[in-house]
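Chemist: Structure file run29.pdb, PDB, C-alpha atoms, is pasted below:
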ATOM      1  CA  MET S   1      -6.070 -22.044 -16.920
ATOM      2  CA  THR S   2      -4.298 -23.856 -14.117
ATOM      3  CA  PHE S   3      -0.645 -23.913 -13.196
ATOM      4  CA  VAL S   4       0.303 -27.536 -12.630
ATOM      5  CA  GLU S   5       3.989 -27.198 -11.842
ATOM      6  CA  GLY S   6       4.305 -23.497 -11.210
ATOM      7  CA  GLY S   7       5.652 -21.008 -13.707
ATOM      8  CA  VAL S   8       5.000 -17.552 -15.077
ATOM      9  CA  LEU S   9       1.956 -16.157 -16.812
ATOM     10  CA  ASN S  10       2.656 -12.866 -18.569
ATOM     11  CA  ASN S  11      -0.539 -11.465 -20.001
ATOM     12  CA  ALA S  12      -0.339  -8.357 -22.140
ATOM     13  CA  GLY S  13      -3.482  -8.981 -24.134
ATOM     14  CA  THR S  14      -6.888 -10.308 -23.215
ATOM     15  CA  LEU S  15      -7.233 -13.602 -21.403
ATOM     16  CA  SER S  16     -10.729 -14.885 -20.835
ATOM     17  CA  ASN S  17     -10.158 -17.531 -18.227
ATOM     18  CA  ASN S  18      -9.774 -17.960 -14.522
ATOM     19  CA  VAL S  19      -6.195 -18.399 -13.353
ATOM     20  CA  LEU S  20      -5.565 -21.069 -10.725
ATOM     21  CA  ASP S  21      -2.509 -22.804  -9.349
ATOM     22  CA  ALA S  22      -1.290 -25.813  -7.446
ATOM     23  CA  PRO S  23      -0.812 -24.539  -3.884
ATOM     24  CA  ASP S  24       2.645 -26.029  -3.452
ATOM     25  CA  LYS S  25       4.169 -24.429  -6.535
ATOM     26  CA  MET S  26       5.631 -20.984  -7.038
ATOM     27  CA  VAL S  27       3.643 -18.968  -9.506
ATOM     28  CA  THR S  28       4.094 -15.517 -10.985
ATOM     29  CA  VAL S  29       1.253 -13.721 -12.728
ATOM     30  CA  ILE S  30       2.152 -10.555 -14.613
ATOM     31  CA  ASN S  31      -0.762  -8.593 -16.001
ATOM     32  CA  SER S  32      -0.538  -5.559 -18.217
ATOM     33  CA  GLY S  33      -3.627  -6.457 -20.200
ATOM     34  CA  THR S  34      -7.039  -7.763 -19.257
ATOM     35  CA  ILE S  35      -7.928 -10.983 -17.511
ATOM     36  CA  ASN S  36     -11.612 -11.688 -17.821
ATOM     37  CA  GLY S  37     -11.891 -13.949 -14.836
ATOM     38  CA  THR S  38     -10.636 -14.540 -11.347
ATOM     39  CA  VAL S  39      -7.031 -14.997 -10.306
ATOM     40  CA  THR S  40      -6.621 -17.332  -7.344
ATOM     41  CA  ILE S  41      -3.125 -18.429  -6.461
ATOM     42  CA  GLY S  42      -2.223 -19.682  -3.041
ATOM     43  CA  GLY S  43       1.219 -21.220  -3.030
ATOM     44  CA  SER S  44       4.389 -20.155  -1.310
ATOM     45  CA  ASN S  45       6.217 -17.153  -2.727
ATOM     46  CA  ASP S  46       3.580 -16.477  -5.318
ATOM     47  CA  ILE S  47       3.795 -13.115  -7.049
ATOM     48  CA  VAL S  48       1.192 -11.021  -8.806
ATOM     49  CA  GLN S  49       2.526  -8.022 -10.686
ATOM     50  CA  LEU S  50      -0.044  -5.551 -11.946
ATOM     51  CA  PHE S  51       0.810  -2.760 -14.360
ATOM     52  CA  THR S  52      -1.080   0.477 -14.745
ATOM     53  CA  GLY S  53      -3.825   0.060 -17.289
ATOM     54  CA  SER S  54      -4.335  -3.584 -16.488
ATOM     55  CA  LYS S  55      -7.588  -5.121 -15.381
ATOM     56  CA  ILE S  56      -8.817  -8.267 -13.711
ATOM     57  CA  THR S  57     -12.568  -8.407 -14.018
ATOM     58  CA  GLY S  58     -13.008 -10.963 -11.253
ATOM     59  CA  ASN S  59     -11.421 -11.395  -7.866
ATOM     60  CA  LEU S  60      -7.728 -11.438  -7.066
ATOM     61  CA  ILE S  61      -6.874 -13.837  -4.267
ATOM     62  CA  LEU S  62      -3.174 -14.003  -3.618
ATOM     63  CA  GLY S  63      -1.638 -16.204  -0.991
ATOM     64  CA  ALA S  64      -4.816 -17.764   0.260
ATOM     65  CA  ALA S  65      -2.898 -20.730   1.661
ATOM     66  CA  ALA S  66       0.387 -19.020   2.476
ATOM     67  CA  ASN S  67       1.503 -15.741   3.949
ATOM     68  CA  ASN S  68       4.573 -14.952   1.902
ATOM     69  CA  SER S  69       3.061 -13.759  -1.314
ATOM     70  CA  THR S  70       3.966 -10.507  -3.031
ATOM     71  CA  LEU S  71       1.674  -8.045  -4.749
ATOM     72  CA  ILE S  72       3.603  -5.678  -7.008
ATOM     73  CA  LEU S  73       2.003  -2.493  -8.312
ATOM     74  CA  ASP S  74       4.029  -1.328 -11.267
ATOM     75  CA  GLY S  75       4.074   0.827 -14.379
ATOM     76  CA  ALA S  76       3.838   4.463 -15.391
ATOM     77  CA  GLY S  77       0.764   6.658 -15.320
ATOM     78  CA  GLN S  78      -2.054   6.128 -12.868
ATOM     79  CA  GLU S  79      -4.235   3.278 -11.721
ATOM     80  CA  SER S  80      -6.484   2.530  -8.803
ATOM     81  CA  SER S  81      -6.828  -0.815  -7.116
ATOM     82  CA  SER S  82     -10.551  -0.881  -7.776
ATOM     83  CA  ALA S  83      -9.979  -0.349 -11.498
ATOM     84  CA  ALA S  84      -7.248  -2.954 -11.653
ATOM     85  CA  VAL S  85      -9.293  -5.552  -9.815
ATOM     86  CA  VAL S  86     -12.967  -5.073 -10.446
ATOM     87  CA  GLY S  87     -13.950  -7.929  -8.185
ATOM     88  CA  THR S  88     -12.902  -8.244  -4.598
TER      89      THR S  88
ATOM     90  CA  MET W   1      -8.183  -8.048  -3.678
ATOM     91  CA  THR W   2      -6.740 -10.431  -1.135
ATOM     92  CA  ASN W   3      -3.050 -10.455  -0.307
ATOM     93  CA  ASN W   4      -1.474 -12.422   2.515
ATOM     94  CA  GLY W   5       2.075 -11.207   2.124
ATOM     95  CA  THR W   6       3.920  -8.114   1.005
ATOM     96  CA  ALA W   7       2.816  -5.207  -1.174
ATOM     97  CA  VAL W   8       5.430  -3.512  -3.354
ATOM     98  CA  LYS W   9       5.044  -0.285  -5.272
ATOM     99  CA  GLN W  10       7.554   0.108  -8.059
ATOM    100  CA  GLY W  11       7.689   1.964 -11.349
ATOM    101  CA  THR W  12       7.236   5.668 -11.897
ATOM    102  CA  GLY W  13       3.467   5.731 -11.836
ATOM    103  CA  THR W  14       0.859   6.378  -9.191
ATOM    104  CA  TRP W  15      -1.259   3.635  -7.692
ATOM    105  CA  THR W  16      -4.204   4.481  -5.507
ATOM    106  CA  ILE W  17      -5.406   2.013  -2.926
ATOM    107  CA  ASP W  18      -9.085   2.863  -2.905
ATOM    108  CA  ARG W  19     -10.272  -0.406  -1.435
ATOM    109  CA  ALA W  20      -9.176  -2.118   1.712
ATOM    110  CA  LEU W  21      -5.922  -3.980   1.176
ATOM    111  CA  ASP W  22      -3.988  -6.344   3.417
ATOM    112  CA  ALA W  23      -0.222  -6.568   3.292
ATOM    113  CA  PRO W  24       0.530  -8.270   6.605
ATOM    114  CA  LEU W  25       4.247  -8.659   5.931
ATOM    115  CA  GLY W  26       4.774  -5.009   5.081
ATOM    116  CA  THR W  27       4.580  -2.480   2.277
ATOM    117  CA  ASP W  28       7.601  -1.287   0.311
ATOM    118  CA  ILE W  29       7.490   1.804  -1.873
ATOM    119  CA  LEU W  30      10.488   1.503  -4.150
ATOM    120  CA  ALA W  31       9.508   4.134  -6.725
ATOM    121  CA  GLY W  32       6.597   6.268  -7.792
ATOM    122  CA  THR W  33       3.659   7.187  -5.593
ATOM    123  CA  LEU W  34       1.379   5.017  -3.516
ATOM    124  CA  VAL W  35      -1.784   6.841  -2.552
ATOM    125  CA  VAL W  36      -3.636   5.271   0.349
ATOM    126  CA  ASP W  37      -7.279   6.224   0.246
ATOM    127  CA  ALA W  38      -8.699   3.187   2.007
ATOM    128  CA  ILE W  39      -7.712   0.966   4.883
ATOM    129  CA  LEU W  40      -4.258  -0.464   4.368
ATOM    130  CA  THR W  41      -3.604  -3.216   6.869
ATOM    131  CA  THR W  42       0.131  -3.613   7.135
ATOM    132  CA  VAL W  43       2.716  -3.738   9.885
ATOM    133  CA  GLN W  44       5.142  -1.307   8.331
ATOM    134  CA  VAL W  45       5.546   0.929   5.308
ATOM    135  CA  ASN W  46       9.050   1.455   3.977
ATOM    136  CA  VAL W  47       9.520   4.403   1.649
ATOM    137  CA  THR W  48      12.838   4.285  -0.151
ATOM    138  CA  PRO W  49      14.506   7.336  -1.726
ATOM    139  CA  GLY W  50      12.370   8.676  -4.530
ATOM    140  CA  GLY W  51       9.263   6.911  -3.365
ATOM    141  CA  VAL W  52       6.204   8.776  -2.166
ATOM    142  CA  LEU W  53       3.556   7.665   0.294
ATOM    143  CA  GLN W  54       0.469   9.845   0.169
ATOM    144  CA  LEU W  55      -2.067   9.345   2.918
ATOM    145  CA  ASN W  56      -5.499  10.587   2.064
ATOM    146  CA  SER W  57      -8.599  10.700   4.157
ATOM    147  CA  GLY W  58      -9.410   7.053   3.769
ATOM    148  CA  GLY W  59     -12.735   7.882   2.245
ATOM    149  CA  SER W  60     -15.623   8.491   4.562
ATOM    150  CA  ARG W  61     -14.150   6.465   7.397
ATOM    151  CA  GLY W  62     -10.720   7.981   7.591
ATOM    152  CA  GLU W  63      -9.255   4.940   9.267
ATOM    153  CA  ILE W  64      -6.165   4.223   7.269
ATOM    154  CA  TRP W  65      -4.166   4.616  10.457
ATOM    155  CA  SER W  66      -6.115   2.098  12.398
ATOM    156  CA  THR W  67      -3.955  -0.847  11.506
ATOM    157  CA  MET W  68      -0.717   0.744  10.375
ATOM    158  CA  ALA W  69       1.592   0.273  13.341
ATOM    159  CA  HIS W  70       4.336   2.537  12.133
ATOM    160  CA  SER W  71       6.048   3.857   9.059
ATOM    161  CA  LEU W  72       9.710   4.253   8.295
ATOM    162  CA  PHE W  73      11.016   6.676   5.715
ATOM    163  CA  ALA W  74      14.502   6.402   4.390
ATOM    164  CA  GLY W  75      16.579   8.994   2.611
ATOM    165  CA  SER W  76      14.648  11.398   0.456
ATOM    166  CA  GLY W  77      11.356   9.555   0.450
ATOM    167  CA  THR W  78       8.312  11.736   0.879
ATOM    168  CA  VAL W  79       5.193  11.335   2.920
ATOM    169  CA  THR W  80       2.193  13.596   2.382
ATOM    170  CA  PHE W  81      -0.630  14.030   4.845
ATOM    171  CA  ASP W  82      -3.956  15.081   3.468
ATOM    172  CA  ALA W  83      -5.131  17.983   5.602
ATOM    173  CA  GLY W  84      -8.679  16.890   4.947
ATOM    174  CA  ASP W  85      -8.321  14.232   7.609
ATOM    175  CA  GLN W  86      -8.668  16.561  10.534
ATOM    176  CA  ARG W  87     -11.153  15.139  12.979
ATOM    177  CA  ASN W  88     -11.979  15.075  16.642
ATOM    178  CA  GLY W  89      -9.486  17.805  17.284
ATOM    179  CA  GLN W  90      -6.634  15.409  16.676
ATOM    180  CA  ARG W  91      -3.651  16.299  14.627
ATOM    181  CA  VAL W  92      -0.092  15.507  13.749
ATOM    182  CA  SER W  93       2.257  18.313  14.584
ATOM    183  CA  GLU W  94       5.784  19.186  13.830
ATOM    184  CA  ARG W  95       8.092  18.531  16.764
ATOM    185  CA  PRO W  96       9.586  21.753  18.105
ATOM    186  CA  ARG W  97      13.287  21.944  17.457
ATOM    187  CA  ASP W  98      15.720  22.404  20.304
ATOM    188  CA  ASN W  99      16.420  26.015  19.407
ATOM    189  CA  ASP W 100      12.998  26.763  18.089
ATOM    190  CA  SER W 101      10.786  26.449  21.131
ATOM    191  CA  GLU W 102       8.777  29.497  20.182
ATOM    192  CA  ARG W 103       7.668  28.040  16.937
ATOM    193  CA  PRO W 104       3.970  27.203  17.027
ATOM    194  CA  GLU W 105       2.800  23.740  16.228
ATOM    195  CA  GLN W 106       1.466  23.360  12.746
ATOM    196  CA  PRO W 107      -1.487  21.047  12.288
ATOM    197  CA  MET W 108      -0.989  18.585   9.462
ATOM    198  CA  ALA W 109      -3.404  15.691   9.704
ATOM    199  CA  ALA W 110      -5.358  13.560  12.080
ATOM    200  CA  CYS W 111      -3.800  11.105  14.491
ATOM    201  CA  PRO W 112      -5.020   7.644  15.274
ATOM    202  CA  ASP W 113      -6.682   6.696  18.470
ATOM    203  CA  PRO W 114      -3.564   5.880  20.540
ATOM    204  CA  ALA W 115      -5.464   3.225  22.419
ATOM    205  CA  ARG W 116      -6.022   1.404  19.181
ATOM    206  CA  SER W 117      -2.897   1.908  17.169
ATOM    207  CA  PRO W 118       0.147   3.816  18.276
ATOM    208  CA  ILE W 119       1.957   5.346  15.346
ATOM    209  CA  ALA W 120       5.434   6.699  15.108
ATOM    210  CA  VAL W 121       6.496   8.643  12.072
ATOM    211  CA  ALA W 122      10.120   9.445  11.471
ATOM    212  CA  VAL W 123      11.375  11.266   8.421
ATOM    213  CA  ALA W 124      15.076  11.154   7.730
ATOM    214  CA  PRO W 125      17.193  13.131   7.151
ATOM    215  CA  LEU W 126      14.742  15.879   8.022
ATOM    216  CA  SER W 127      14.512  16.718  11.698
ATOM    217  CA  THR W 128      10.738  16.741  11.870
ATOM    218  CA  TRP W 129       8.678  14.141  13.612
ATOM    219  CA  GLY W 130       4.984  13.594  13.615
ATOM    220  CA  ARG W 131       3.288  13.316  16.963
ATOM    221  CA  CYS W 132      -0.177  13.787  18.308
TER     222      CYS W 132
END
Would you give me this structure, written as structure tokens?

Modeler:
Amino acid sequence: MTFVEGGVLNNAGTLSNNVLDAPDKMVTVINSGTINGTVTIGGSNDIVQLFTGSKITGNLILGAAANNSTLILDGAGQESSSAAVVGT
Amino acid sequence: MTNNGTAVKQGTGTWTIDRALDAPLGTDILAGTLVVDAILTTVQVNVTPGGVLQLNSGGSRGEIWSTMAHSLFAGSGTVTFDAGDQRNGQRVSERPRDNDSERPEQPMAACPDPARSPIAVAVAPLSTWGRC
């Protein structure tokens, strides 16, 4: 799926798609479920919020074209970055 | 995991950074525990009251310090040094207090190579400092 005009993706289930964005739009990706794919968002002020127990099976690339992104690690319990993002 | 901005730890849980992570604009620990067990490349770590920063050995390389310029700890935030990161005779010691000059230094954890990355650790309101 691709963000065209920015927005918020809140995934609490299983999403089997790559997540992409338009580089000039603000995007927020919230994941408490599983994303079977790669998340690549590169716009200004983009946010990725990962909850414990979540998983991205591919890569997570946040802020590839900007340097003001935010990665939020959230939730209760325990999680490791390698379990949350299986790719690189 | 590629991040070109800020990393924020919030929520009550524990997140372990067990792969190299970049947060070039800084790292904020607002709540819960952030365990650093790999190289965290960031200019500053801010630990707010109630937050915990736990520094482990960084795996086999033990280089989590190499790119962390300095850390600031506010209020009752906690920082934990893993004693397993003793190497090359380096250590972080408690600063002797003004009226406690006889107190021996107590090794806590390894220091970075000062030529590569000076690090200053201040813990407030406690009167202890880390130094090499």

Chemist: Compare S:Met26, S:Ala83, S:Ala76, S:Leu20 by their minimum atom-to-atom distance to chain W, counting all atoms listed in the file, and give me the closest one.

Modeler: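 Checking each candidate against chain W, we get S:Ala76 as the closest.
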
Chemist: Since I can't run it myself right now, could you work out what the PyMOL selection byres ((chain S) within 10 of (chain W)) selects here and report it as number ranges by chain?

Modeler: S: 39-40, 42, 44-52, 58-88

Chemist: CA of Val19 in chain S and CA of Gly33 in chain S, how far apart in Å?

Modeler: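 The value is 14.0 Å.
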
Chemist: Mind telling me what the PyMOL selection byres ((chain S and resi 25) around 10) catches here, as number ranges by chain?

Modeler: S: 3-7, 21-24, 26-28, 41-46

Chemist: Interatomic distance between CA of Ser32 in chain S and CA of Ile56 in chain S?

Modeler: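 Separating CA of Ser32 in chain S from CA of Ile56 in chain S is a distance of 9.8 Å.
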
Chemist: Enter the distance from CA of Gly51 in chain W to CA of Ser54 in chain S, in Å, rounded to one decimal.

Modeler: 21.6 Å

Chemist: Output requested as a short mmCIF file (atom, residue, chain, number, x, y, z; two decimals), in the frame of the given file - range 33-44 of chain S, filled out with all heavy atoms.

Modeler:
data_model
loop_
_atom_site.label_atom_id
_atom_site.label_comp_id
_atom_site.auth_asym_id
_atom_site.auth_seq_id
_atom_site.Cartn_x
_atom_site.Cartn_y
_atom_site.Cartn_z
N GLY S 33 -2.47 -6.48 -19.32
CA GLY S 33 -3.63 -6.46 -20.20
C GLY S 33 -4.91 -6.65 -19.41
O GLY S 33 -5.08 -6.04 -18.36
N THR S 34 -5.76 -7.51 -19.92
CA THR S 34 -7.04 -7.76 -19.26
C THR S 34 -7.21 -9.26 -19.04
O THR S 34 -7.02 -10.06 -19.96
CB THR S 34 -8.21 -7.24 -20.10
OG1 THR S 34 -8.08 -5.82 -20.25
CG2 THR S 34 -9.54 -7.55 -19.44
N ILE S 35 -7.56 -9.61 -17.83
CA ILE S 35 -7.93 -10.98 -17.51
C ILE S 35 -9.40 -10.98 -17.18
O ILE S 35 -9.83 -10.39 -16.17
CB ILE S 35 -7.10 -11.54 -16.33
CG1 ILE S 35 -5.62 -11.59 -16.71
CG2 ILE S 35 -7.60 -12.93 -15.94
CD1 ILE S 35 -4.69 -12.04 -15.57
N ASN S 36 -10.17 -11.58 -18.07
CA ASN S 36 -11.61 -11.69 -17.82
C ASN S 36 -11.85 -12.95 -17.00
O ASN S 36 -12.13 -14.03 -17.52
CB ASN S 36 -12.38 -11.76 -19.15
CG ASN S 36 -12.37 -10.43 -19.88
OD1 ASN S 36 -12.55 -9.38 -19.28
ND2 ASN S 36 -12.15 -10.47 -21.19
N GLY S 37 -11.74 -12.81 -15.72
CA GLY S 37 -11.89 -13.95 -14.84
C GLY S 37 -11.30 -13.63 -13.48
O GLY S 37 -10.97 -12.48 -13.18
N THR S 38 -11.16 -14.67 -12.70
CA THR S 38 -10.64 -14.54 -11.35
C THR S 38 -9.23 -15.13 -11.28
O THR S 38 -8.95 -16.13 -11.93
CB THR S 38 -11.56 -15.28 -10.36
OG1 THR S 38 -12.80 -14.57 -10.27
CG2 THR S 38 -10.95 -15.39 -8.99
N VAL S 39 -8.38 -14.48 -10.52
CA VAL S 39 -7.03 -15.00 -10.31
C VAL S 39 -6.95 -15.47 -8.86
O VAL S 39 -7.08 -14.67 -7.93
CB VAL S 39 -5.97 -13.92 -10.58
CG1 VAL S 39 -4.58 -14.44 -10.26
CG2 VAL S 39 -6.04 -13.44 -12.03
N THR S 40 -6.73 -16.75 -8.69
CA THR S 40 -6.62 -17.33 -7.34
C THR S 40 -5.36 -18.17 -7.29
O THR S 40 -5.29 -19.25 -7.89
CB THR S 40 -7.84 -18.21 -7.01
OG1 THR S 40 -9.03 -17.45 -7.18
CG2 THR S 40 -7.76 -18.74 -5.58
N ILE S 41 -4.36 -17.67 -6.61
CA ILE S 41 -3.12 -18.43 -6.46
C ILE S 41 -2.75 -18.42 -4.99
O ILE S 41 -2.80 -17.39 -4.33
CB ILE S 41 -1.98 -17.88 -7.34
CG1 ILE S 41 -1.72 -16.41 -7.06
CG2 ILE S 41 -2.31 -18.08 -8.82
CD1 ILE S 41 -0.54 -15.87 -7.84
N GLY S 42 -2.38 -19.57 -4.49
CA GLY S 42 -2.22 -19.68 -3.04
C GLY S 42 -0.98 -20.39 -2.58
O GLY S 42 -0.91 -20.83 -1.43
N GLY S 43 0.00 -20.51 -3.42
CA GLY S 43 1.22 -21.22 -3.03
C GLY S 43 2.23 -20.32 -2.36
O GLY S 43 2.02 -19.11 -2.20
N SER S 44 3.33 -20.92 -1.95
CA SER S 44 4.39 -20.16 -1.31
C SER S 44 5.11 -19.29 -2.33
O SER S 44 5.37 -19.72 -3.45
CB SER S 44 5.39 -21.11 -0.66
OG SER S 44 4.75 -21.86 0.35
#
